[in-house]
file upload_24.pdb (PDB, C-alpha atoms)
ATOM      1  CA  MET A   1     255.067 118.431   0.257
ATOM      2  CA  ALA A   2     251.644 119.940   0.068
ATOM      3  CA  ASP A   3     249.013 118.721   2.483
ATOM      4  CA  ILE A   4     246.896 115.887   1.145
ATOM      5  CA  PRO A   5     243.489 117.363   0.277
ATOM      6  CA  ALA A   6     240.880 115.791   2.503
ATOM      7  CA  PHE A   7     238.459 114.870  -0.298
ATOM      8  CA  GLY A   8     235.491 113.068   1.117
ATOM      9  CA  LEU A   9     236.467 113.635   4.732
ATOM     10  CA  PRO A  10     234.309 115.676   7.073
ATOM     11  CA  PRO A  11     235.763 119.205   7.188
ATOM     12  CA  ASN A  12     236.280 119.039  10.933
ATOM     13  CA  LEU A  13     238.680 116.056  10.807
ATOM     14  CA  ARG A  14     242.384 116.745  11.024
ATOM     15  CA  SER A  15     245.431 114.523  11.452
ATOM     16  CA  LEU A  16     247.936 114.780  14.274
ATOM     17  CA  GLY A  17     251.003 113.527  12.440
ATOM     18  CA  ARG A  18     252.526 112.979   9.049
ATOM     19  CA  HIS A  19     254.622 109.870   8.493
ATOM     20  CA  VAL A  20     257.047 109.620   5.567
ATOM     21  CA  HIS A  21     258.585 106.322   4.406
ATOM     22  CA  LEU A  22     261.731 107.086   2.430
ATOM     23  CA  ASP A  23     263.223 103.978   0.809
ATOM     24  CA  LEU A  24     266.703 104.641  -0.539
ATOM     25  CA  TYR A  25     268.126 102.253  -3.138
ATOM     26  CA  ASP A  26     271.465 101.999  -4.926
ATOM     27  CA  CYS A  27     273.369 103.654  -2.091
ATOM     28  CA  PRO A  28     277.167 103.107  -1.987
ATOM     29  CA  THR A  29     277.960 100.400   0.561
ATOM     30  CA  ALA A  30     280.463 102.702   2.250
ATOM     31  CA  ARG A  31     277.633 105.093   3.280
ATOM     32  CA  LEU A  32     275.670 102.301   4.981
ATOM     33  CA  VAL A  33     278.132 100.508   7.243
ATOM     34  CA  ALA A  34     279.205 103.057   9.881
ATOM     35  CA  PRO A  35     276.806 104.212  12.619
ATOM     36  CA  ALA A  36     278.711 107.525  12.707
ATOM     37  CA  ASP A  37     277.769 108.246   9.084
ATOM     38  CA  SER A  38     274.067 107.500   9.625
ATOM     39  CA  ARG A  39     274.151 109.575  12.786
ATOM     40  CA  GLN A  40     275.582 112.548  10.914
ATOM     41  CA  ILE A  41     273.085 112.201   8.055
ATOM     42  CA  LEU A  42     270.004 111.943  10.294
ATOM     43  CA  LEU A  43     271.084 114.744  12.635
ATOM     44  CA  ARG A  44     271.766 117.002   9.673
ATOM     45  CA  ALA A  45     268.356 116.141   8.183
ATOM     46  CA  ALA A  46     266.670 116.910  11.524
ATOM     47  CA  GLU A  47     268.480 120.231  11.638
ATOM     48  CA  LYS A  48     267.452 121.135   8.061
ATOM     49  CA  MET A  49     263.848 120.334   8.938
ATOM     50  CA  GLY A  50     264.016 122.707  11.872
ATOM     51  CA  ALA A  51     263.409 119.920  14.394
ATOM     52  CA  THR A  52     264.313 120.004  18.086
ATOM     53  CA  ILE A  53     266.524 117.018  18.905
ATOM     54  CA  ILE A  54     265.725 115.207  22.165
ATOM     55  CA  SER A  55     267.957 112.132  21.936
ATOM     56  CA  GLU A  56     269.725 109.932  19.368
ATOM     57  CA  HIS A  57     270.806 106.285  19.401
ATOM     58  CA  PHE A  58     272.736 104.396  16.724
ATOM     59  CA  HIS A  59     273.840 100.758  16.646
ATOM     60  CA  ALA A  60     276.017  98.653  14.362
ATOM     61  CA  PHE A  61     274.898  95.144  13.615
ATOM     62  CA  ASN A  62     276.952  92.030  13.092
ATOM     63  CA  PRO A  63     278.067  91.316  10.398
ATOM     64  CA  HIS A  64     276.934  94.681   8.975
ATOM     65  CA  GLY A  65     274.098  97.196   8.957
ATOM     66  CA  VAL A  66     273.061 100.131  11.102
ATOM     67  CA  SER A  67     269.912 100.886  13.084
ATOM     68  CA  GLY A  68     269.370 104.372  14.402
ATOM     69  CA  VAL A  69     266.787 106.710  15.825
ATOM     70  CA  VAL A  70     266.639 110.417  16.490
ATOM     71  CA  ILE A  71     263.804 111.385  18.806
ATOM     72  CA  ILE A  72     262.735 114.930  18.099
ATOM     73  CA  ALA A  73     260.232 117.100  19.958
ATOM     74  CA  GLU A  74     258.056 116.740  16.829
ATOM     75  CA  SER A  75     258.270 112.874  16.835
ATOM     76  CA  HIS A  76     261.148 110.876  15.235
ATOM     77  CA  LEU A  77     263.515 109.864  12.465
ATOM     78  CA  THR A  78     264.697 106.259  12.131
ATOM     79  CA  VAL A  79     266.993 104.374   9.774
ATOM     80  CA  HIS A  80     267.873 100.751   9.069
ATOM     81  CA  THR A  81     270.540  99.943   6.494
ATOM     82  CA  TRP A  82     271.279  96.825   4.458
ATOM     83  CA  PRO A  83     274.777  97.494   3.047
ATOM     84  CA  GLU A  84     274.721  94.194   1.161
ATOM     85  CA  HIS A  85     271.715  95.456  -0.812
ATOM     86  CA  GLY A  86     272.668  99.150  -1.057
ATOM     87  CA  TYR A  87     269.390  99.916   0.723
ATOM     88  CA  ALA A  88     268.329 102.141   3.613
ATOM     89  CA  ALA A  89     264.811 102.359   5.091
ATOM     90  CA  VAL A  90     264.308 105.835   6.562
ATOM     91  CA  ASP A  91     261.261 107.140   8.416
ATOM     92  CA  VAL A  92     260.362 110.699   9.260
ATOM     93  CA  PHE A  93     257.385 111.054  11.559
ATOM     94  CA  SER A  94     256.432 114.616  12.441
ATOM     95  CA  CYS A  95     253.621 116.258  14.320
ATOM     96  CA  GLY A  96     254.848 119.804  14.005
ATOM     97  CA  HIS A  97     255.358 122.303  11.251
ATOM     98  CA  LEU A  98     258.685 121.095   9.916
ATOM     99  CA  ASN A  99     260.361 121.563   6.578
ATOM    100  CA  LEU A 100     260.061 117.929   5.512
ATOM    101  CA  ASP A 101     261.254 118.609   1.961
ATOM    102  CA  ALA A 102     264.569 119.982   3.197
ATOM    103  CA  GLY A 103     265.084 116.976   5.470
ATOM    104  CA  ILE A 104     264.271 114.497   2.715
ATOM    105  CA  GLN A 105     266.697 116.116   0.300
ATOM    106  CA  GLU A 106     269.410 115.895   2.956
ATOM    107  CA  LEU A 107     268.681 112.190   3.526
ATOM    108  CA  LYS A 108     268.785 111.365  -0.194
ATOM    109  CA  SER A 109     272.026 113.237  -0.767
ATOM    110  CA  GLY A 110     273.602 112.063   2.499
ATOM    111  CA  TYR A 111     273.160 108.404   1.563
ATOM    112  CA  ARG A 112     273.938 109.188  -2.114
ATOM    113  CA  ALA A 113     270.892 107.183  -3.161
ATOM    114  CA  GLY A 114     270.716 106.253  -6.825
ATOM    115  CA  ARG A 115     266.939 106.113  -6.589
ATOM    116  CA  SER A 116     264.331 106.559  -3.911
ATOM    117  CA  ASP A 117     260.721 105.790  -3.176
ATOM    118  CA  LEU A 118     258.735 108.134  -0.946
ATOM    119  CA  ARG A 119     255.322 107.537   0.577
ATOM    120  CA  ALA A 120     253.576 109.939   2.951
ATOM    121  CA  PHE A 121     250.736 109.089   5.327
ATOM    122  CA  ASP A 122     248.592 111.209   7.601
ATOM    123  CA  ARG A 123     247.962 109.534  10.942
ATOM    124  CA  GLY A 124     245.876 110.186  14.021
ATOM    125  CA  TRP A 125     242.573 111.528  12.711
ATOM    126  CA  ILE A 126     240.780 113.566  15.321
ATOM    127  CA  ASN A 127     237.732 115.753  15.423
ATOM    128  CA  SER A 128     238.902 119.327  15.764
ATOM    129  CA  GLY A 129     235.483 120.745  16.540
ATOM    130  CA  PRO A 130     232.707 122.122  14.384
ATOM    131  CA  PRO A 131     233.702 123.147  10.834
ATOM    132  CA  GLY A 132     235.037 126.639  10.773
ATOM    133  CA  HIS A 133     236.189 126.568  14.399
TER
ATOM    134  CA  MET B   1     249.168  88.458   9.178
ATOM    135  CA  ALA B   2     249.633  86.502   5.992
ATOM    136  CA  ASP B   3     252.225  87.663   3.524
ATOM    137  CA  ILE B   4     250.869  90.005   0.895
ATOM    138  CA  PRO B   5     250.637  88.042  -2.368
ATOM    139  CA  ALA B   6     253.002  89.585  -4.884
ATOM    140  CA  PHE B   7     250.431  89.844  -7.707
ATOM    141  CA  GLY B   8     252.027  91.472 -10.697
ATOM    142  CA  LEU B   9     255.517  91.506  -9.232
ATOM    143  CA  PRO B  10     258.347  89.510 -10.792
ATOM    144  CA  PRO B  11     258.688  86.276  -8.814
ATOM    145  CA  ASN B  12     262.303  87.020  -7.921
ATOM    146  CA  LEU B  13     261.493  90.225  -6.025
ATOM    147  CA  ARG B  14     261.296  90.054  -2.263
ATOM    148  CA  SER B  15     261.052  92.689   0.461
ATOM    149  CA  LEU B  16     263.532  93.142   3.283
ATOM    150  CA  GLY B  17     261.160  94.504   5.888
ATOM    151  CA  ARG B  18     257.551  94.751   6.955
ATOM    152  CA  HIS B  19     256.336  97.979   8.486
ATOM    153  CA  VAL B  20     253.103  98.118  10.495
ATOM    154  CA  HIS B  21     251.336 101.375  11.414
ATOM    155  CA  LEU B  22     249.077 100.751  14.381
ATOM    156  CA  ASP B  23     246.887 103.746  15.219
ATOM    157  CA  LEU B  24     245.186 103.346  18.586
ATOM    158  CA  TYR B  25     242.146 105.497  19.340
ATOM    159  CA  ASP B  26     239.904 105.929  22.380
ATOM    160  CA  CYS B  27     242.654 104.926  24.816
ATOM    161  CA  PRO B  28     242.182 105.960  28.465
ATOM    162  CA  THR B  29     244.241 109.079  29.150
ATOM    163  CA  ALA B  30     245.851 107.369  32.140
ATOM    164  CA  ARG B  31     247.530 104.822  29.826
ATOM    165  CA  LEU B  32     249.120 107.548  27.691
ATOM    166  CA  VAL B  33     250.794 109.937  30.116
ATOM    167  CA  ALA B  34     253.554 107.944  31.836
ATOM    168  CA  PRO B  35     256.720 106.894  29.969
ATOM    169  CA  ALA B  36     256.962 103.884  32.318
ATOM    170  CA  ASP B  37     253.619 102.539  31.069
ATOM    171  CA  SER B  38     254.551 102.883  27.388
ATOM    172  CA  ARG B  39     257.912 101.310  28.134
ATOM    173  CA  GLN B  40     256.248  98.304  29.738
ATOM    174  CA  ILE B  41     253.721  97.934  26.909
ATOM    175  CA  LEU B  42     256.307  98.115  24.105
ATOM    176  CA  LEU B  43     258.813  95.838  25.834
ATOM    177  CA  ARG B  44     256.085  93.280  26.492
ATOM    178  CA  ALA B  45     254.974  93.484  22.845
ATOM    179  CA  ALA B  46     258.575  92.990  21.686
ATOM    180  CA  GLU B  47     258.856  89.979  23.942
ATOM    181  CA  LYS B  48     255.591  88.472  22.650
ATOM    182  CA  MET B  49     256.851  88.926  19.097
ATOM    183  CA  GLY B  50     260.003  87.013  19.940
ATOM    184  CA  ALA B  51     262.212  90.037  19.227
ATOM    185  CA  THR B  52     265.733  90.583  20.565
ATOM    186  CA  ILE B  53     265.870  93.913  22.405
ATOM    187  CA  ILE B  54     268.955  96.051  21.745
ATOM    188  CA  SER B  55     268.049  99.324  23.472
ATOM    189  CA  GLU B  56     265.023 101.342  24.590
ATOM    190  CA  HIS B  57     264.442 105.051  25.143
ATOM    191  CA  PHE B  58     261.319 106.773  26.460
ATOM    192  CA  HIS B  59     260.646 110.475  27.029
ATOM    193  CA  ALA B  60     257.845 112.488  28.601
ATOM    194  CA  PHE B  61     256.821 115.697  26.920
ATOM    195  CA  ASN B  62     255.637 118.923  28.461
ATOM    196  CA  PRO B  63     252.752 119.397  29.149
ATOM    197  CA  HIS B  64     251.928 115.746  28.317
ATOM    198  CA  GLY B  65     252.597 112.917  25.884
ATOM    199  CA  VAL B  66     255.206 110.204  25.526
ATOM    200  CA  SER B  67     257.689 109.360  22.771
ATOM    201  CA  GLY B  68     259.493 106.061  22.888
ATOM    202  CA  VAL B  69     261.528 103.639  20.842
ATOM    203  CA  VAL B  70     262.657 100.066  21.299
ATOM    204  CA  ILE B  71     265.441  99.100  18.917
ATOM    205  CA  ILE B  72     265.330  95.371  18.295
ATOM    206  CA  ALA B  73     267.764  93.190  16.359
ATOM    207  CA  GLU B  74     264.934  92.828  13.813
ATOM    208  CA  SER B  75     264.416  96.652  13.476
ATOM    209  CA  HIS B  76     262.214  98.757  15.820
ATOM    210  CA  LEU B  77     259.051  99.656  17.681
ATOM    211  CA  THR B  78     258.108 103.294  18.300
ATOM    212  CA  VAL B  79     255.248 105.099  20.017
ATOM    213  CA  HIS B  80     253.989 108.662  20.280
ATOM    214  CA  THR B  81     251.007 109.431  22.495
ATOM    215  CA  TRP B  82     248.531 112.309  22.539
ATOM    216  CA  PRO B  83     246.751 111.881  25.906
ATOM    217  CA  GLU B  84     244.489 114.844  25.192
ATOM    218  CA  HIS B  85     243.102 112.952  22.172
ATOM    219  CA  GLY B  86     243.197 109.408  23.594
ATOM    220  CA  TYR B  87     245.479 108.498  20.694
ATOM    221  CA  ALA B  88     248.750 106.588  20.300
ATOM    222  CA  ALA B  89     250.685 106.137  17.039
ATOM    223  CA  VAL B  90     252.633 102.880  17.215
ATOM    224  CA  ASP B  91     255.043 101.480  14.614
ATOM    225  CA  VAL B  92     256.426  97.989  14.341
ATOM    226  CA  PHE B  93     259.136  97.590  11.726
ATOM    227  CA  SER B  94     260.567  94.094  11.403
ATOM    228  CA  CYS B  95     263.001  92.396   9.093
ATOM    229  CA  GLY B  96     262.949  89.011  10.764
ATOM    230  CA  HIS B  97     260.480  86.238  11.305
ATOM    231  CA  LEU B  98     258.578  87.661  14.240
ATOM    232  CA  ASN B  99     255.127  86.938  15.583
ATOM    233  CA  LEU B 100     253.666  90.320  14.628
ATOM    234  CA  ASP B 101     250.102  89.309  15.487
ATOM    235  CA  ALA B 102     251.044  88.547  19.091
ATOM    236  CA  GLY B 103     252.843  91.888  19.433
ATOM    237  CA  ILE B 104     249.932  93.827  17.958
ATOM    238  CA  GLN B 105     247.430  92.193  20.305
ATOM    239  CA  GLU B 106     249.659  93.133  23.242
ATOM    240  CA  LEU B 107     249.856  96.760  22.053
ATOM    241  CA  LYS B 108     246.087  97.054  21.619
ATOM    242  CA  SER B 109     245.324  95.541  24.999
ATOM    243  CA  GLY B 110     248.176  97.350  26.754
ATOM    244  CA  TYR B 111     246.852 100.758  25.703
ATOM    245  CA  ARG B 112     243.235  99.571  26.150
ATOM    246  CA  ALA B 113     242.362 100.997  22.751
ATOM    247  CA  GLY B 114     238.658 101.380  22.027
ATOM    248  CA  ARG B 115     239.388 101.074  18.310
ATOM    249  CA  SER B 116     242.420 100.687  16.126
ATOM    250  CA  ASP B 117     243.531 101.100  12.560
ATOM    251  CA  LEU B 118     246.284  98.871  11.198
ATOM    252  CA  ARG B 119     248.167  99.243   7.934
ATOM    253  CA  ALA B 120     251.036  97.020   6.838
ATOM    254  CA  PHE B 121     253.642  97.819   4.189
ATOM    255  CA  ASP B 122     256.435  95.797   2.655
ATOM    256  CA  ARG B 123     259.592  97.838   2.181
ATOM    257  CA  GLY B 124     262.987  97.367   0.563
ATOM    258  CA  TRP B 125     262.300  95.450  -2.633
ATOM    259  CA  ILE B 126     265.359  93.572  -3.810
ATOM    260  CA  ASN B 127     266.126  91.033  -6.472
ATOM    261  CA  SER B 128     266.739  87.723  -4.759
ATOM    262  CA  GLY B 129     268.090  85.973  -7.838
ATOM    263  CA  PRO B 130     266.472  83.888 -10.546
ATOM    264  CA  PRO B 131     262.961  82.564  -9.797
ATOM    265  CA  GLY B 132     263.110  79.332  -7.918
ATOM    266  CA  HIS B 133     266.476  80.109  -6.329
TER
END

call {"tool": "encode", "arguments": {"input": "upload_24.pdb", "output": "structure tokens"}}
result
Amino acid sequence: MADIPAFGLPPNLRSLGRHVHLDLYDCPTARLVAPADSRQILLRAAEKMGATIISEHFHAFNPHGVSGVVIIAESHLTVHTWPEHGYAAVDVFSCGHLNLDAGIQELKSGYRAGRSDLRAFDRGWINSGPPGH
Amino acid sequence: MADIPAFGLPPNLRSLGRHVHLDLYDCPTARLVAPADSRQILLRAAEKMGATIISEHFHAFNPHGVSGVVIIAESHLTVHTWPEHGYAAVDVFSCGHLNLDAGIQELKSGYRAGRSDLRAFDRGWINSGPPGH
């Protein structure tokens, strides 16, 4: 993804992180029920992005569904699945120079999503000094 | 926060989760450097929201900064801090009936934010059956 052009923003403002919401619909139920599958998908996405993995935690819920997080040196990936709705809510928050596109492709294909909705947000606007510095 | 009115959406669509981005600026550096402080702030916010805590993981980064996550039965809270910029990026993702306002107030006061920016998003749109059912 290209950087969002900062139309109308002072030229010395920059953002510290980019946050991607990736909503995956029409996923096969079988991809959404096992924590081990979500773990593999998120770790592989982190690897494709070039992220440095710090820790990872995945939980199964009763009666079904998975919640998981991978903390990376560049921020985090999270997932929550609703197998009964074929839906997974994935987040990728990064503050480094990662290959987000590669990670997102891996997430879509890993969950075998029939369709997806992606929204990207820049967060943490700071003054980086006088323009040109 | 009131529910977002679903203007223009079919009446049988509903969302599975609500995701809040809480960007906290002008926080004292001392609140942002210790994982133990972020842990206390996020756990207290989860408690105020009425969430059920499943697991929590906090890390310090070199030379400074904290990343943390609290997985709750209703989804998650995360934080990333930039002490050098007085900034913390907090997320609250919930799929249950939680008191988000109480949690957000706790997060703002816990980090002693001088100003904050909050954005809320509904995610995971599903068809909940015929209108009225």

call {"tool": "resolve_selection", "arguments": {"input": "upload_24.pdb", "expression": "the PyMOL selection byres ((chain A and resi 93-108) around 6)", "output": "ChimeraX atom specification"}}
result
/A:16-19,45,48-50,74-76,92,109-113

call {"tool": "interface_residues", "arguments": {"input": "upload_24.pdb", "of": "chain A", "to": "chain B", "cutoff": "10 Å", "atoms": "all atoms listed in the file", "output": "ChimeraX atom specification"}}
result
/A:16-17,19,21-25,54-59,61-62,66-76,78-82,85-89,93,95,117,121,123-128

call {"tool": "atom_distance", "arguments": {"input": "upload_24.pdb", "atom1": "CA of Ile41 (chain B)", "atom2": "CA of Ala120 (chain B)"}}
result
20.3 Å

call {"tool": "calpha_fit_and_write", "arguments": {"input": "upload_24.pdb", "fixed": "chain A", "moving": "chain B", "output": "JSON list (two decimals) with C-alpha atoms, in the frame of the given file"}}
result
[["chain", "number", "residue", "atom", "x", "y", "z"],
["B", 1, "MET", "CA", 255.05, 118.42, 0.20],
["B", 2, "ALA", "CA", 251.61, 119.95, 0.02],
["B", 3, "ASP", "CA", 248.99, 118.77, 2.44],
["B", 4, "ILE", "CA", 246.88, 115.93, 1.14],
["B", 5, "PRO", "CA", 243.45, 117.37, 0.26],
["B", 6, "ALA", "CA", 240.86, 115.78, 2.51],
["B", 7, "PHE", "CA", 238.46, 114.81, -0.31],
["B", 8, "GLY", "CA", 235.51, 112.98, 1.15],
["B", 9, "LEU", "CA", 236.49, 113.59, 4.75],
["B", 10, "PRO", "CA", 234.33, 115.68, 7.07],
["B", 11, "PRO", "CA", 235.82, 119.18, 7.18],
["B", 12, "ASN", "CA", 236.31, 119.02, 10.94],
["B", 13, "LEU", "CA", 238.69, 116.04, 10.82],
["B", 14, "ARG", "CA", 242.39, 116.72, 11.03],
["B", 15, "SER", "CA", 245.43, 114.49, 11.48],
["B", 16, "LEU", "CA", 247.93, 114.76, 14.31],
["B", 17, "GLY", "CA", 250.98, 113.50, 12.46],
["B", 18, "ARG", "CA", 252.54, 112.96, 9.07],
["B", 19, "HIS", "CA", 254.61, 109.86, 8.51],
["B", 20, "VAL", "CA", 257.04, 109.61, 5.58],
["B", 21, "HIS", "CA", 258.59, 106.32, 4.41],
["B", 22, "LEU", "CA", 261.73, 107.08, 2.44],
["B", 23, "ASP", "CA", 263.22, 103.99, 0.80],
["B", 24, "LEU", "CA", 266.71, 104.65, -0.54],
["B", 25, "TYR", "CA", 268.12, 102.27, -3.14],
["B", 26, "ASP", "CA", 271.46, 102.00, -4.93],
["B", 27, "CYS", "CA", 273.37, 103.67, -2.09],
["B", 28, "PRO", "CA", 277.15, 103.12, -1.99],
["B", 29, "THR", "CA", 277.94, 100.41, 0.56],
["B", 30, "ALA", "CA", 280.45, 102.71, 2.24],
["B", 31, "ARG", "CA", 277.63, 105.09, 3.27],
["B", 32, "LEU", "CA", 275.66, 102.31, 4.97],
["B", 33, "VAL", "CA", 278.12, 100.51, 7.23],
["B", 34, "ALA", "CA", 279.19, 103.06, 9.86],
["B", 35, "PRO", "CA", 276.81, 104.21, 12.62],
["B", 36, "ALA", "CA", 278.70, 107.53, 12.70],
["B", 37, "ASP", "CA", 277.75, 108.26, 9.08],
["B", 38, "SER", "CA", 274.05, 107.52, 9.62],
["B", 39, "ARG", "CA", 274.14, 109.58, 12.79],
["B", 40, "GLN", "CA", 275.56, 112.56, 10.92],
["B", 41, "ILE", "CA", 273.07, 112.21, 8.05],
["B", 42, "LEU", "CA", 269.99, 111.95, 10.30],
["B", 43, "LEU", "CA", 271.07, 114.74, 12.64],
["B", 44, "ARG", "CA", 271.76, 117.01, 9.68],
["B", 45, "ALA", "CA", 268.35, 116.15, 8.19],
["B", 46, "ALA", "CA", 266.66, 116.92, 11.53],
["B", 47, "GLU", "CA", 268.47, 120.23, 11.64],
["B", 48, "LYS", "CA", 267.44, 121.12, 8.07],
["B", 49, "MET", "CA", 263.84, 120.32, 8.97],
["B", 50, "GLY", "CA", 264.01, 122.71, 11.89],
["B", 51, "ALA", "CA", 263.39, 119.92, 14.41],
["B", 52, "THR", "CA", 264.31, 120.00, 18.10],
["B", 53, "ILE", "CA", 266.52, 117.01, 18.92],
["B", 54, "ILE", "CA", 265.72, 115.20, 22.18],
["B", 55, "SER", "CA", 267.96, 112.12, 21.94],
["B", 56, "GLU", "CA", 269.71, 109.92, 19.38],
["B", 57, "HIS", "CA", 270.80, 106.29, 19.39],
["B", 58, "PHE", "CA", 272.73, 104.40, 16.72],
["B", 59, "HIS", "CA", 273.84, 100.76, 16.64],
["B", 60, "ALA", "CA", 276.01, 98.66, 14.35],
["B", 61, "PHE", "CA", 274.90, 95.15, 13.60],
["B", 62, "ASN", "CA", 276.98, 92.05, 13.07],
["B", 63, "PRO", "CA", 278.10, 91.33, 10.38],
["B", 64, "HIS", "CA", 276.93, 94.69, 8.96],
["B", 65, "GLY", "CA", 274.10, 97.21, 8.94],
["B", 66, "VAL", "CA", 273.06, 100.14, 11.08],
["B", 67, "SER", "CA", 269.91, 100.89, 13.08],
["B", 68, "GLY", "CA", 269.37, 104.36, 14.41],
["B", 69, "VAL", "CA", 266.78, 106.70, 15.83],
["B", 70, "VAL", "CA", 266.63, 110.42, 16.49],
["B", 71, "ILE", "CA", 263.80, 111.37, 18.82],
["B", 72, "ILE", "CA", 262.73, 114.93, 18.12],
["B", 73, "ALA", "CA", 260.23, 117.10, 19.98],
["B", 74, "GLU", "CA", 258.06, 116.74, 16.85],
["B", 75, "SER", "CA", 258.28, 112.87, 16.84],
["B", 76, "HIS", "CA", 261.14, 110.87, 15.24],
["B", 77, "LEU", "CA", 263.50, 109.86, 12.47],
["B", 78, "THR", "CA", 264.70, 106.26, 12.13],
["B", 79, "VAL", "CA", 266.99, 104.38, 9.77],
["B", 80, "HIS", "CA", 267.87, 100.76, 9.06],
["B", 81, "THR", "CA", 270.54, 99.95, 6.49],
["B", 82, "TRP", "CA", 271.27, 96.82, 4.47],
["B", 83, "PRO", "CA", 274.77, 97.50, 3.04],
["B", 84, "GLU", "CA", 274.74, 94.21, 1.15],
["B", 85, "HIS", "CA", 271.72, 95.47, -0.82],
["B", 86, "GLY", "CA", 272.66, 99.16, -1.06],
["B", 87, "TYR", "CA", 269.39, 99.93, 0.72],
["B", 88, "ALA", "CA", 268.32, 102.15, 3.62],
["B", 89, "ALA", "CA", 264.80, 102.37, 5.08],
["B", 90, "VAL", "CA", 264.31, 105.83, 6.56],
["B", 91, "ASP", "CA", 261.25, 107.13, 8.44],
["B", 92, "VAL", "CA", 260.36, 110.69, 9.27],
["B", 93, "PHE", "CA", 257.38, 111.05, 11.58],
["B", 94, "SER", "CA", 256.43, 114.61, 12.46],
["B", 95, "CYS", "CA", 253.62, 116.25, 14.35],
["B", 96, "GLY", "CA", 254.84, 119.81, 14.01],
["B", 97, "HIS", "CA", 255.36, 122.30, 11.26],
["B", 98, "LEU", "CA", 258.67, 121.09, 9.93],
["B", 99, "ASN", "CA", 260.36, 121.56, 6.59],
["B", 100, "LEU", "CA", 260.04, 117.93, 5.52],
["B", 101, "ASP", "CA", 261.24, 118.60, 1.97],
["B", 102, "ALA", "CA", 264.56, 119.98, 3.20],
["B", 103, "GLY", "CA", 265.07, 116.97, 5.48],
["B", 104, "ILE", "CA", 264.26, 114.49, 2.72],
["B", 105, "GLN", "CA", 266.69, 116.12, 0.30],
["B", 106, "GLU", "CA", 269.40, 115.90, 2.96],
["B", 107, "LEU", "CA", 268.66, 112.19, 3.53],
["B", 108, "LYS", "CA", 268.77, 111.37, -0.19],
["B", 109, "SER", "CA", 272.01, 113.25, -0.76],
["B", 110, "GLY", "CA", 273.58, 112.07, 2.50],
["B", 111, "TYR", "CA", 273.15, 108.41, 1.56],
["B", 112, "ARG", "CA", 273.93, 109.19, -2.11],
["B", 113, "ALA", "CA", 270.88, 107.20, -3.16],
["B", 114, "GLY", "CA", 270.71, 106.26, -6.84],
["B", 115, "ARG", "CA", 266.92, 106.12, -6.59],
["B", 116, "SER", "CA", 264.32, 106.57, -3.91],
["B", 117, "ASP", "CA", 260.72, 105.79, -3.18],
["B", 118, "LEU", "CA", 258.73, 108.13, -0.94],
["B", 119, "ARG", "CA", 255.32, 107.53, 0.59],
["B", 120, "ALA", "CA", 253.58, 109.91, 2.97],
["B", 121, "PHE", "CA", 250.73, 109.07, 5.34],
["B", 122, "ASP", "CA", 248.59, 111.18, 7.63],
["B", 123, "ARG", "CA", 247.97, 109.50, 10.96],
["B", 124, "GLY", "CA", 245.86, 110.15, 14.05],
["B", 125, "TRP", "CA", 242.57, 111.49, 12.74],
["B", 126, "ILE", "CA", 240.77, 113.55, 15.34],
["B", 127, "ASN", "CA", 237.73, 115.76, 15.44],
["B", 128, "SER", "CA", 238.92, 119.33, 15.77],
["B", 129, "GLY", "CA", 235.49, 120.78, 16.50],
["B", 130, "PRO", "CA", 232.78, 122.24, 14.30],
["B", 131, "PRO", "CA", 233.82, 123.21, 10.75],
["B", 132, "GLY", "CA", 235.24, 126.67, 10.66],
["B", 133, "HIS", "CA", 236.45, 126.55, 14.26]]

call {"tool": "atom_distance", "arguments": {"input": "upload_24.pdb", "atom1": "CA of Cys27 (chain B)", "atom2": "CA of Asn12 (chain A)"}}
result
20.8 Å

call {"tool": "axis_aligned_box", "arguments": {"input": "upload_24.pdb", "around": "region 82-90 of chain A", "padding_each_side": "3 Å", "output": "lines of an AutoDock Vina configuration file"}}
result
center_x = 269.5
center_y = 100.0
center_z = 2.8
size_x = 16.5
size_y = 17.6
size_z = 13.6

call {"tool": "atom_distance", "arguments": {"input": "upload_24.pdb", "atom1": "CA of Arg14 (chain A)", "atom2": "CA of Gly65 (chain B)"}}
result
18.4 Å

call {"tool": "residues_near_point", "arguments": {"input": "upload_24.pdb", "point": "(276.6, 98.4, 2.9)", "cutoff": "6 Å", "atoms": "all atoms listed in the file", "output": "PDB file with C-alpha atoms, in the frame of the given file"}}
result
ATOM      1  CA  THR A  29     277.960 100.400   0.561  1.00  0.00           C
ATOM      2  CA  ALA A  30     280.463 102.702   2.250  1.00  0.00           C
ATOM      3  CA  LEU A  32     275.670 102.301   4.981  1.00  0.00           C
ATOM      4  CA  VAL A  33     278.132 100.508   7.243  1.00  0.00           C
ATOM      5  CA  TRP A  82     271.279  96.825   4.458  1.00  0.00           C
ATOM      6  CA  PRO A  83     274.777  97.494   3.047  1.00  0.00           C
ATOM      7  CA  GLU A  84     274.721  94.194   1.161  1.00  0.00           C
ATOM      8  CA  GLY A  86     272.668  99.150  -1.057  1.00  0.00           C
TER       9      GLY A  86
END

call {"tool": "build_atoms", "arguments": {"input": "upload_24.pdb", "residues": "region 114-118 of chain A", "atoms": "N, CA and C atoms", "output": "tab-separated table (two decimals), keeping the file's coordinate frame"}}
result
chain	number	residue	atom	x	y	z
A	114	GLY	N	270.90	106.23	-5.38
A	114	GLY	CA	270.72	106.25	-6.82
A	114	GLY	C	269.25	106.45	-7.19
A	115	ARG	N	268.37	105.88	-6.39
A	115	ARG	CA	266.94	106.11	-6.59
A	115	ARG	C	266.24	106.00	-5.24
A	116	SER	N	265.04	106.55	-5.19
A	116	SER	CA	264.33	106.56	-3.91
A	116	SER	C	262.84	106.41	-4.15
A	117	ASP	N	262.17	105.95	-3.12
A	117	ASP	CA	260.72	105.79	-3.18
A	117	ASP	C	260.17	106.44	-1.91
A	118	LEU	N	259.27	107.39	-2.08
A	118	LEU	CA	258.74	108.13	-0.95
A	118	LEU	C	257.23	107.93	-0.86
